[in-house]
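Here is the structure we will look at, set down as structure tokens.
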Amino acid sequence: MNRRAHVPTRVLGTALAGALVLTAVSACGGKDDGPVTLKLVAADYGESADTSSKLYWDEIARGFEAANPGIKVDVEVDSWTDIGKKVDDMIAAGKSPDLLQTGGFADQVAADRLYPAADVLSMDTQANFLDTFAHAGQVLGTQYGIPFVSSSRVLFYNKAVFRQAGITQPPATWNELRQDAEKIKAKVPGVTPYGLPLGPEEAPAESMLWSLSGGGSLSDDVGNYTIDSTQNQATFSWLKNNLVATGLTYPDPGKMNRTPVFQDFAAGKVAMLNGHPTLLRMATAGKIDFGTAPIPKKDGVGKTGSLGVADWMMAFKANGHKNEIKKFLSFAYSREFQLKFDEQYNLLPVTQDAFNQMTSDPKHEDLKQFAVGLTNASFYPFGDPAWGDVSNRIKAGIGQAVTGDPKQALAGLQDAAVKEAARVRK
């Protein structure tokens, strides 16, 4: 989730995103000289040593080794900021990973490095994924991206601030959101009415949420980018004129990342914002009296559903360890481990059995609204090898669409996206 995005983009965002790499080497240094050792490199979803993802992966590794004596697993957990370069360096050094779990996969498909998902998933594992994610993991009709975790977005609002401002229910439309924000600004000084994080950490997710709720999107159904569509120009002009220029959000949203905006909400300093499940924990820890609601839409125009954010697994061909990969994935995608990871980090499962158990369990009542959003969610163009570059450009430039000339900013992003798509599709 672009936590990444997500994020991240995480939620994925946001969201919201993790990275997992398994590099297979033999115990004696060659592929055929003994038991296979799978080196597992994972990005850390945790916030401290006590919540580090290393604890989770260590447990899976030891259980997998016990069940598969011929395969060893060496676990390494790195920060989100380091993991991407480490993977690039591994590939450049001729030490390709066997498995990588991160926020996108299409660039690796374009480089012809990956197994199709069907080659490394048992029939039972493959059939257990939610259909919407299997489709989102496709490139030109073949699934390469294997979903790992997911999230969606809802509107969070501070009930105490709403009461102070005389607001009785959350906004359902943009106009209601603007009106509520104006009341909060007038009656509750010191509180930012709406958090608009268009900084790099959340820019793809927040901008796509607004695009969808305004009847647009970042790309069409066949993969063409539509960043500067008429609908999107109208959406970002509305944001600029109704929220930014009127002081109902941060002065420069392009400099506001998700984490500080979430922290402001958890401290009672922001009244409304779009958030993923991680914010549930943060707001509860901050003792905020909060509620959630569907994302407000432009009157009679916005699309139903939410933004679906997923983190992905992919399997590399270079080392020829298809059978070992399949065994590990069958083990790691068990309901027990899916639930454990999702419960620890307030994320949503991508497998049917774990999803059904979580959404039917009363202790996860607060996650049901996010699950509902997933059933009819829109996704980033994960299958486009240009998406990584386009996403980075959105992170760097979308803020200018609400502080400068929206049409010019969106046109610049569109032009760059079209050129990058043409380059990688040659």
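FYI, nothing fancy with the structure tokens labels: chains A, B, ... in order, residues from 1 per chain, ligands from 1 as they appear.
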Could I get the residues of stretch 258-319 of chain A with an atom no further than 12 Å from an atom of stretch 38-55 of chain A, each paired with its nearest atom pair and that distance in Å to one decimal, using only C-alpha atoms, sorted by chain and residue number, as a tab-separated table?
residue	atom	partner	partner_atom	distance
A:Thr259	CA	A:Glu47	CA	11.9
A:Thr278	CA	A:Tyr45	CA	10.8
A:Met282	CA	A:Glu47	CA	11.7
A:Asp311	CA	A:Ala43	CA	11.2
A:Met313	CA	A:Ala42	CA	11.0
A:Asn319	CA	A:Leu38	CA	10.9
Please write the residues from the selection above to a file, keeping N, CA and C atoms, as a compact mmCIF listing (two decimals), in the first residue's frame.
# COMPACT_ATOMS: atom_id res chain seq x y z
N THR A 259 2.88 10.41 7.38
CA THR A 259 3.17 10.16 8.80
C THR A 259 2.91 11.37 9.68
N THR A 278 -3.84 1.56 9.70
CA THR A 278 -2.84 1.91 10.71
C THR A 278 -3.29 3.07 11.57
N MET A 282 -3.18 4.33 15.78
CA MET A 282 -2.59 5.59 16.20
C MET A 282 -3.61 6.48 16.90
N ASP A 311 0.56 -4.91 -1.43
CA ASP A 311 1.98 -5.22 -1.53
C ASP A 311 2.08 -6.58 -2.21
N MET A 313 4.27 -10.03 -3.96
CA MET A 313 5.36 -11.00 -4.03
C MET A 313 5.60 -11.33 -5.49
N ASN A 319 17.68 -18.33 -10.60
CA ASN A 319 18.34 -19.40 -9.87
C ASN A 319 17.70 -20.77 -10.07
Worksheet item: Could you pull the residues within 12 Å of A:His135, counting only C-alpha atoms, minus those fewer than 3 positions along the same chain, as an MDAnalysis selection string?
Response: chainID A and resid 117 129:132 138:147 377:379 381:383
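You will find atom CA of A:Gln108 at 15.1 Å from atom CA of A:Lys86.
When the distance limit is 9 Å and only C-alpha atoms are what count, the residues near stretch 180-194 of chain A, minus those fewer than 5 positions from it on the same chain, are Val161, Phe162, Gln164, Ala165, Gly166, Ile167, Pro170, Pro171, Asn175, Leu243, Thr246, Gly247, Leu248, Thr249, Tyr250, Asp264, Gly268, Lys269, Val270, Ala271, Met272 and Leu273 of chain A.
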Worksheet item: Can you tell me, as a list in words, what residues are no more than 9 Å from A:Ala417 when counting only C-alpha atoms, ignoring any on the same chain fewer than 4 positions away?
Response: Tyr225, Ile227, Ala386, Trp387, Asp389, Val390, Arg393, Gly412, Leu413, Ala421 and Ala422 of chain A
Export, as a PDB file, in the first residue's frame, the selected residues with all heavy atoms.
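Dumped everything to out25.pdb:
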ATOM      1  N   TYR A 225      -2.613   6.507 -19.562  1.00  0.00           N
ATOM      2  CA  TYR A 225      -2.642   7.482 -18.470  1.00  0.00           C
ATOM      3  C   TYR A 225      -3.598   8.631 -18.788  1.00  0.00           C
ATOM      4  O   TYR A 225      -3.680   9.103 -19.929  1.00  0.00           O
ATOM      5  CB  TYR A 225      -1.233   8.001 -18.180  1.00  0.00           C
ATOM      6  CG  TYR A 225      -0.407   6.968 -17.448  1.00  0.00           C
ATOM      7  CD1 TYR A 225       0.530   6.190 -18.112  1.00  0.00           C
ATOM      8  CD2 TYR A 225      -0.608   6.740 -16.091  1.00  0.00           C
ATOM      9  CE1 TYR A 225       1.266   5.216 -17.443  1.00  0.00           C
ATOM     10  CE2 TYR A 225       0.115   5.773 -15.413  1.00  0.00           C
ATOM     11  CZ  TYR A 225       1.039   5.012 -16.093  1.00  0.00           C
ATOM     12  OH  TYR A 225       1.741   4.041 -15.420  1.00  0.00           O
ATOM     13  N   ILE A 227      -3.931  11.433 -16.471  1.00  0.00           N
ATOM     14  CA  ILE A 227      -3.647  12.317 -15.340  1.00  0.00           C
ATOM     15  C   ILE A 227      -4.206  13.714 -15.554  1.00  0.00           C
ATOM     16  O   ILE A 227      -4.682  14.353 -14.609  1.00  0.00           O
ATOM     17  CB  ILE A 227      -2.121  12.372 -15.098  1.00  0.00           C
ATOM     18  CG1 ILE A 227      -1.594  10.975 -14.750  1.00  0.00           C
ATOM     19  CG2 ILE A 227      -1.787  13.351 -13.966  1.00  0.00           C
ATOM     20  CD1 ILE A 227      -0.081  10.885 -14.684  1.00  0.00           C
ATOM     21  N   ALA A 386       5.787   1.205 -16.581  1.00  0.00           N
ATOM     22  CA  ALA A 386       6.093   2.626 -16.409  1.00  0.00           C
ATOM     23  C   ALA A 386       5.610   3.165 -15.070  1.00  0.00           C
ATOM     24  O   ALA A 386       5.977   4.279 -14.686  1.00  0.00           O
ATOM     25  CB  ALA A 386       5.461   3.446 -17.544  1.00  0.00           C
ATOM     26  N   TRP A 387       4.802   2.396 -14.346  1.00  0.00           N
ATOM     27  CA  TRP A 387       4.146   2.935 -13.158  1.00  0.00           C
ATOM     28  C   TRP A 387       5.144   3.387 -12.089  1.00  0.00           C
ATOM     29  O   TRP A 387       4.931   4.404 -11.420  1.00  0.00           O
ATOM     30  CB  TRP A 387       3.171   1.927 -12.558  1.00  0.00           C
ATOM     31  CG  TRP A 387       2.648   2.342 -11.216  1.00  0.00           C
ATOM     32  CD1 TRP A 387       2.789   1.702 -10.031  1.00  0.00           C
ATOM     33  CD2 TRP A 387       1.905   3.543 -10.908  1.00  0.00           C
ATOM     34  NE1 TRP A 387       2.192   2.388  -9.014  1.00  0.00           N
ATOM     35  CE2 TRP A 387       1.647   3.533  -9.521  1.00  0.00           C
ATOM     36  CE3 TRP A 387       1.451   4.610 -11.676  1.00  0.00           C
ATOM     37  CZ2 TRP A 387       0.944   4.562  -8.890  1.00  0.00           C
ATOM     38  CZ3 TRP A 387       0.749   5.641 -11.039  1.00  0.00           C
ATOM     39  CH2 TRP A 387       0.499   5.602  -9.664  1.00  0.00           C
ATOM     40  N   ASP A 389       8.069   4.801 -12.381  1.00  0.00           N
ATOM     41  CA  ASP A 389       8.549   6.144 -12.719  1.00  0.00           C
ATOM     42  C   ASP A 389       7.423   7.166 -12.606  1.00  0.00           C
ATOM     43  O   ASP A 389       7.620   8.266 -12.075  1.00  0.00           O
ATOM     44  CB  ASP A 389       9.118   6.149 -14.139  1.00  0.00           C
ATOM     45  CG  ASP A 389       9.636   7.527 -14.547  1.00  0.00           C
ATOM     46  OD1 ASP A 389      10.785   7.856 -14.190  1.00  0.00           O
ATOM     47  OD2 ASP A 389       8.881   8.269 -15.218  1.00  0.00           O
ATOM     48  N   VAL A 390       6.236   6.805 -13.099  1.00  0.00           N
ATOM     49  CA  VAL A 390       5.095   7.730 -13.044  1.00  0.00           C
ATOM     50  C   VAL A 390       4.733   8.044 -11.595  1.00  0.00           C
ATOM     51  O   VAL A 390       4.471   9.199 -11.231  1.00  0.00           O
ATOM     52  CB  VAL A 390       3.886   7.138 -13.796  1.00  0.00           C
ATOM     53  CG1 VAL A 390       2.648   8.014 -13.611  1.00  0.00           C
ATOM     54  CG2 VAL A 390       4.211   6.981 -15.279  1.00  0.00           C
ATOM     55  N   ARG A 393       7.111  10.517 -10.147  1.00  0.00           N
ATOM     56  CA  ARG A 393       6.860  11.874 -10.644  1.00  0.00           C
ATOM     57  C   ARG A 393       5.646  12.496  -9.946  1.00  0.00           C
ATOM     58  O   ARG A 393       5.635  13.699  -9.659  1.00  0.00           O
ATOM     59  CB  ARG A 393       6.665  11.848 -12.156  1.00  0.00           C
ATOM     60  CG  ARG A 393       7.947  11.542 -12.920  1.00  0.00           C
ATOM     61  CD  ARG A 393       7.727  11.493 -14.419  1.00  0.00           C
ATOM     62  NE  ARG A 393       8.943  11.147 -15.127  1.00  0.00           N
ATOM     63  CZ  ARG A 393       9.883  12.009 -15.492  1.00  0.00           C
ATOM     64  NH1 ARG A 393       9.746  13.293 -15.207  1.00  0.00           N
ATOM     65  NH2 ARG A 393      10.958  11.599 -16.146  1.00  0.00           N
ATOM     66  N   GLY A 412       2.004  18.452 -17.275  1.00  0.00           N
ATOM     67  CA  GLY A 412       3.403  18.067 -17.197  1.00  0.00           C
ATOM     68  C   GLY A 412       3.573  16.625 -16.752  1.00  0.00           C
ATOM     69  O   GLY A 412       4.393  15.877 -17.302  1.00  0.00           O
ATOM     70  N   LEU A 413       2.777  16.216 -15.773  1.00  0.00           N
ATOM     71  CA  LEU A 413       2.824  14.830 -15.310  1.00  0.00           C
ATOM     72  C   LEU A 413       2.330  13.875 -16.385  1.00  0.00           C
ATOM     73  O   LEU A 413       2.889  12.783 -16.574  1.00  0.00           O
ATOM     74  CB  LEU A 413       1.983  14.677 -14.037  1.00  0.00           C
ATOM     75  CG  LEU A 413       2.530  15.378 -12.786  1.00  0.00           C
ATOM     76  CD1 LEU A 413       1.508  15.331 -11.665  1.00  0.00           C
ATOM     77  CD2 LEU A 413       3.842  14.730 -12.344  1.00  0.00           C
ATOM     78  N   ALA A 421       5.896   5.594 -20.613  1.00  0.00           N
ATOM     79  CA  ALA A 421       5.175   4.400 -21.053  1.00  0.00           C
ATOM     80  C   ALA A 421       5.630   3.973 -22.439  1.00  0.00           C
ATOM     81  O   ALA A 421       5.811   2.773 -22.706  1.00  0.00           O
ATOM     82  CB  ALA A 421       3.672   4.667 -21.045  1.00  0.00           C
ATOM     83  N   ALA A 422       5.822   4.930 -23.333  1.00  0.00           N
ATOM     84  CA  ALA A 422       6.291   4.601 -24.681  1.00  0.00           C
ATOM     85  C   ALA A 422       7.694   4.017 -24.635  1.00  0.00           C
ATOM     86  O   ALA A 422       8.021   3.083 -25.394  1.00  0.00           O
ATOM     87  CB  ALA A 422       6.262   5.858 -25.559  1.00  0.00           C
TER      88      ALA A 422
END
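Using only C-alpha atoms for every distance, the candidate list A:Ala134, A:Val301, A:Ala92, A:Met314 yields A:Met314 as the residue closest to A:Pro116.
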Item to complete: Give the answer as one residue: which of A:Thr168, A:Ser211, A:Thr284, A:Asn242 has the shortest atom-to-atom distance to A:Thr230, using only C-alpha atoms?
Response: A:Ser211
Worksheet item: Among stretch 230-314 of chain A, which ones does DSSP place in helix (DSSP H, G or I), written as a ChimeraX atom specification?
Response: /A:230-244,253-255,258-266,278-285
For the selection you just gave me, I'd like the residues written to a file as a short mmCIF file (atom, residue, chain, number, x, y, z; two decimals), in the first residue's frame, keeping N, CA and C atoms.
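Below you can see selection-v2.cif, which holds the result:
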data_model
loop_
_atom_site.label_atom_id
_atom_site.label_comp_id
_atom_site.auth_asym_id
_atom_site.auth_seq_id
_atom_site.Cartn_x
_atom_site.Cartn_y
_atom_site.Cartn_z
N THR A 230 -10.13 15.98 -18.14
CA THR A 230 -11.01 17.07 -17.76
C THR A 230 -11.50 16.91 -16.33
N GLN A 231 -11.83 15.67 -15.96
CA GLN A 231 -12.31 15.42 -14.59
C GLN A 231 -11.23 15.74 -13.56
N ASN A 232 -9.99 15.34 -13.85
CA ASN A 232 -8.92 15.59 -12.89
C ASN A 232 -8.56 17.07 -12.80
N GLN A 233 -8.62 17.77 -13.91
CA GLN A 233 -8.39 19.21 -13.87
C GLN A 233 -9.43 19.88 -12.98
N ALA A 234 -10.67 19.45 -13.11
CA ALA A 234 -11.74 20.01 -12.28
C ALA A 234 -11.53 19.67 -10.81
N THR A 235 -11.08 18.44 -10.55
CA THR A 235 -10.87 17.99 -9.17
C THR A 235 -9.79 18.82 -8.48
N PHE A 236 -8.65 18.97 -9.12
CA PHE A 236 -7.54 19.67 -8.46
C PHE A 236 -7.77 21.18 -8.43
N SER A 237 -8.53 21.69 -9.37
CA SER A 237 -8.93 23.10 -9.29
C SER A 237 -9.84 23.30 -8.09
N TRP A 238 -10.75 22.35 -7.86
CA TRP A 238 -11.64 22.45 -6.69
C TRP A 238 -10.83 22.41 -5.40
N LEU A 239 -9.89 21.49 -5.32
CA LEU A 239 -9.05 21.39 -4.13
C LEU A 239 -8.30 22.70 -3.86
N LYS A 240 -7.72 23.25 -4.92
CA LYS A 240 -6.96 24.48 -4.77
C LYS A 240 -7.86 25.62 -4.29
N ASN A 241 -8.99 25.80 -4.96
CA ASN A 241 -9.85 26.95 -4.69
C ASN A 241 -10.66 26.80 -3.41
N ASN A 242 -11.01 25.58 -3.02
CA ASN A 242 -11.92 25.38 -1.89
C ASN A 242 -11.26 24.96 -0.59
N LEU A 243 -10.08 24.34 -0.66
CA LEU A 243 -9.43 23.89 0.57
C LEU A 243 -8.08 24.56 0.81
N VAL A 244 -7.25 24.64 -0.23
CA VAL A 244 -5.89 25.15 -0.03
C VAL A 244 -5.88 26.68 0.05
N PRO A 253 0.39 21.50 0.78
CA PRO A 253 0.16 20.07 0.94
C PRO A 253 1.23 19.20 0.30
N GLY A 254 1.90 19.71 -0.75
CA GLY A 254 2.94 18.94 -1.41
C GLY A 254 4.14 18.65 -0.53
N LYS A 255 4.25 19.36 0.60
CA LYS A 255 5.35 19.12 1.53
C LYS A 255 4.92 18.31 2.74
N ARG A 258 2.45 11.59 4.81
CA ARG A 258 1.38 10.90 5.53
C ARG A 258 1.66 10.81 7.03
N THR A 259 2.88 10.41 7.38
CA THR A 259 3.17 10.16 8.80
C THR A 259 2.91 11.37 9.68
N PRO A 260 3.43 12.57 9.39
CA PRO A 260 3.12 13.71 10.26
C PRO A 260 1.65 14.10 10.25
N VAL A 261 0.96 13.91 9.13
CA VAL A 261 -0.47 14.24 9.09
C VAL A 261 -1.24 13.25 9.95
N PHE A 262 -0.90 11.96 9.88
CA PHE A 262 -1.51 10.97 10.77
C PHE A 262 -1.22 11.31 12.23
N GLN A 263 0.00 11.71 12.50
CA GLN A 263 0.36 12.08 13.87
C GLN A 263 -0.42 13.28 14.35
N ASP A 264 -0.65 14.24 13.46
CA ASP A 264 -1.46 15.41 13.83
C ASP A 264 -2.89 14.99 14.16
N PHE A 265 -3.45 14.07 13.38
CA PHE A 265 -4.81 13.60 13.69
C PHE A 265 -4.83 12.89 15.04
N ALA A 266 -3.82 12.05 15.30
CA ALA A 266 -3.76 11.32 16.56
C ALA A 266 -3.49 12.23 17.75
N THR A 278 -3.84 1.56 9.70
CA THR A 278 -2.84 1.91 10.71
C THR A 278 -3.29 3.07 11.57
N LEU A 279 -4.08 3.98 10.99
CA LEU A 279 -4.53 5.15 11.74
C LEU A 279 -5.48 4.76 12.86
N LEU A 280 -6.14 3.61 12.75
CA LEU A 280 -6.99 3.15 13.84
C LEU A 280 -6.19 3.02 15.13
N ARG A 281 -5.04 2.36 15.01
CA ARG A 281 -4.19 2.15 16.18
C ARG A 281 -3.63 3.46 16.70
N MET A 282 -3.18 4.33 15.78
CA MET A 282 -2.59 5.59 16.20
C MET A 282 -3.61 6.48 16.90
N ALA A 283 -4.82 6.57 16.34
CA ALA A 283 -5.85 7.43 16.93
C ALA A 283 -6.32 6.89 18.27
N THR A 284 -6.42 5.58 18.38
CA THR A 284 -6.82 4.98 19.65
C THR A 284 -5.76 5.22 20.72
N ALA A 285 -4.49 5.07 20.33
CA ALA A 285 -3.40 5.32 21.28
C ALA A 285 -3.38 6.77 21.72
#
Item to complete: Looking only at strand (DSSP E or B) from DSSP on the backbone, list the matching residues of stretch 142-311 of chain A as number ranges by chain.
Response: A: 142-143, 146-151, 154-158, 173, 192-194, 219, 225, 270-275, 290-293, 297, 307-311
Residues from last step as file, N, CA, C and O atoms, as a short mmCIF file (atom, residue, chain, number, x, y, z; two decimals), in the first residue's frame:
data_model
loop_
_atom_site.label_atom_id
_atom_site.label_comp_id
_atom_site.auth_asym_id
_atom_site.auth_seq_id
_atom_site.Cartn_x
_atom_site.Cartn_y
_atom_site.Cartn_z
N THR A 142 -1.41 -12.14 -18.07
CA THR A 142 -0.74 -13.18 -17.29
C THR A 142 -0.41 -12.63 -15.91
O THR A 142 0.15 -11.55 -15.79
N GLN A 143 -0.74 -13.40 -14.88
CA GLN A 143 -0.46 -12.93 -13.52
C GLN A 143 0.98 -13.21 -13.13
O GLN A 143 1.45 -14.35 -13.17
N ILE A 146 2.06 -11.56 -7.11
CA ILE A 146 1.37 -12.41 -6.13
C ILE A 146 1.03 -11.53 -4.93
O ILE A 146 1.94 -11.05 -4.25
N PRO A 147 -0.23 -11.28 -4.65
CA PRO A 147 -0.58 -10.37 -3.55
C PRO A 147 -0.09 -10.89 -2.21
O PRO A 147 -0.05 -12.10 -1.99
N PHE A 148 0.28 -9.96 -1.33
CA PHE A 148 0.78 -10.35 -0.01
C PHE A 148 -0.10 -9.78 1.11
O PHE A 148 -0.59 -10.50 1.96
N VAL A 149 -0.28 -8.47 1.12
CA VAL A 149 -1.19 -7.83 2.08
C VAL A 149 -1.89 -6.69 1.36
O VAL A 149 -1.48 -6.26 0.28
N SER A 150 -2.95 -6.17 1.96
CA SER A 150 -3.71 -5.11 1.31
C SER A 150 -4.31 -4.15 2.33
O SER A 150 -4.31 -4.42 3.54
N SER A 151 -4.82 -3.04 1.82
CA SER A 151 -5.59 -2.11 2.64
C SER A 151 -6.41 -1.24 1.70
O SER A 151 -6.25 -1.28 0.49
N VAL A 154 -10.53 5.05 4.10
CA VAL A 154 -11.81 5.63 4.49
C VAL A 154 -11.55 7.03 5.04
O VAL A 154 -10.39 7.40 5.31
N LEU A 155 -12.61 7.79 5.23
CA LEU A 155 -12.49 9.11 5.86
C LEU A 155 -12.50 8.95 7.38
O LEU A 155 -13.41 8.33 7.94
N PHE A 156 -11.49 9.49 8.03
CA PHE A 156 -11.47 9.58 9.50
C PHE A 156 -11.89 10.99 9.90
O PHE A 156 -11.51 11.97 9.24
N TYR A 157 -12.65 11.10 10.99
CA TYR A 157 -13.02 12.43 11.48
C TYR A 157 -13.04 12.44 13.00
O TYR A 157 -13.33 11.43 13.66
N ASN A 158 -12.71 13.58 13.58
CA ASN A 158 -12.63 13.76 15.02
C ASN A 158 -14.01 14.17 15.53
O ASN A 158 -14.49 15.28 15.27
N THR A 173 -20.32 14.43 0.67
CA THR A 173 -19.97 15.06 -0.60
C THR A 173 -18.88 16.08 -0.39
O THR A 173 -18.59 16.51 0.74
N THR A 192 -6.42 21.98 12.12
CA THR A 192 -6.47 21.98 10.65
C THR A 192 -7.73 21.22 10.23
O THR A 192 -7.86 20.03 10.56
N PRO A 193 -8.65 21.86 9.53
CA PRO A 193 -9.92 21.20 9.21
C PRO A 193 -9.76 19.91 8.40
O PRO A 193 -10.40 18.90 8.70
N TYR A 194 -8.91 19.94 7.35
CA TYR A 194 -8.74 18.74 6.54
C TYR A 194 -7.25 18.52 6.27
O TYR A 194 -6.55 19.43 5.81
N SER A 219 -5.46 6.43 -14.72
CA SER A 219 -5.34 5.71 -15.99
C SER A 219 -6.69 5.11 -16.35
O SER A 219 -7.54 4.92 -15.48
N TYR A 225 -2.61 6.51 -19.56
CA TYR A 225 -2.64 7.48 -18.47
C TYR A 225 -3.60 8.63 -18.79
O TYR A 225 -3.68 9.10 -19.93
N VAL A 270 -5.79 17.67 13.64
CA VAL A 270 -6.45 17.60 12.33
C VAL A 270 -7.84 17.01 12.54
O VAL A 270 -8.01 16.04 13.27
N ALA A 271 -8.84 17.60 11.88
CA ALA A 271 -10.22 17.16 12.10
C ALA A 271 -10.67 16.06 11.15
O ALA A 271 -11.45 15.19 11.52
N MET A 272 -10.20 16.09 9.89
CA MET A 272 -10.61 15.11 8.89
C MET A 272 -9.43 14.75 8.01
O MET A 272 -8.59 15.61 7.73
N LEU A 273 -9.39 13.51 7.55
CA LEU A 273 -8.39 13.08 6.58
C LEU A 273 -8.74 11.68 6.08
O LEU A 273 -9.51 10.96 6.71
N ASN A 274 -8.19 11.33 4.92
CA ASN A 274 -8.33 9.98 4.41
C ASN A 274 -7.24 9.12 5.03
O ASN A 274 -6.07 9.51 5.05
N GLY A 275 -7.60 7.94 5.55
CA GLY A 275 -6.61 7.12 6.23
C GLY A 275 -6.80 5.64 5.99
O GLY A 275 -7.87 5.19 5.57
N PHE A 290 -12.90 9.30 17.63
CA PHE A 290 -12.98 9.44 16.18
C PHE A 290 -14.03 8.51 15.58
O PHE A 290 -14.46 7.53 16.19
N GLY A 291 -14.42 8.84 14.36
CA GLY A 291 -15.31 8.00 13.59
C GLY A 291 -14.76 7.83 12.19
O GLY A 291 -13.81 8.52 11.80
N THR A 292 -15.36 6.93 11.43
CA THR A 292 -14.94 6.72 10.04
C THR A 292 -16.18 6.69 9.15
O THR A 292 -17.29 6.41 9.61
N ALA A 293 -15.96 6.99 7.88
CA ALA A 293 -17.07 7.05 6.92
C ALA A 293 -16.51 6.84 5.52
O ALA A 293 -15.29 6.94 5.31
N LYS A 297 -17.64 12.22 -2.02
CA LYS A 297 -17.56 12.27 -3.48
C LYS A 297 -18.14 13.58 -4.00
O LYS A 297 -18.95 14.21 -3.34
N LEU A 307 -9.90 3.12 -2.86
CA LEU A 307 -8.62 2.81 -3.45
C LEU A 307 -8.08 1.56 -2.79
O LEU A 307 -7.95 1.50 -1.57
N GLY A 308 -7.80 0.55 -3.57
CA GLY A 308 -7.19 -0.66 -3.04
C GLY A 308 -5.68 -0.58 -3.16
O GLY A 308 -5.16 -0.28 -4.24
N VAL A 309 -4.99 -0.80 -2.07
CA VAL A 309 -3.53 -0.77 -2.08
C VAL A 309 -3.04 -2.15 -1.69
O VAL A 309 -3.53 -2.77 -0.75
N ALA A 310 -2.06 -2.67 -2.43
CA ALA A 310 -1.55 -4.01 -2.16
C ALA A 310 -0.03 -4.01 -2.20
O ALA A 310 0.59 -3.21 -2.90
N ASP A 311 0.56 -4.91 -1.43
CA ASP A 311 1.98 -5.22 -1.53
C ASP A 311 2.08 -6.58 -2.21
O ASP A 311 1.24 -7.45 -2.00
#
Worksheet item: Excluding same-chain residues fewer than 6 positions from A:Tyr333, what lies within 12 Å of it counting only C-alpha atoms, as a list in words?
Response: Ile60, Phe64, Leu121, Ser122, Asp124, Thr125, Gln126, Ala127, Asn128, Phe129, Ile146, Pro147, Phe148, Val149, Met313, Ile325, Lys326, Lys327, Leu339, Lys340, Phe341, Asp342, Pro349, Val350, Thr351, Gln352, Asp353 and Ala354 of chain A
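Between A:Gly63 and the residues A:Leu209, A:Ala332, A:Thr359, A:Gly404, the shortest atom-to-atom distance, using only C-alpha atoms, involves A:Ala332.
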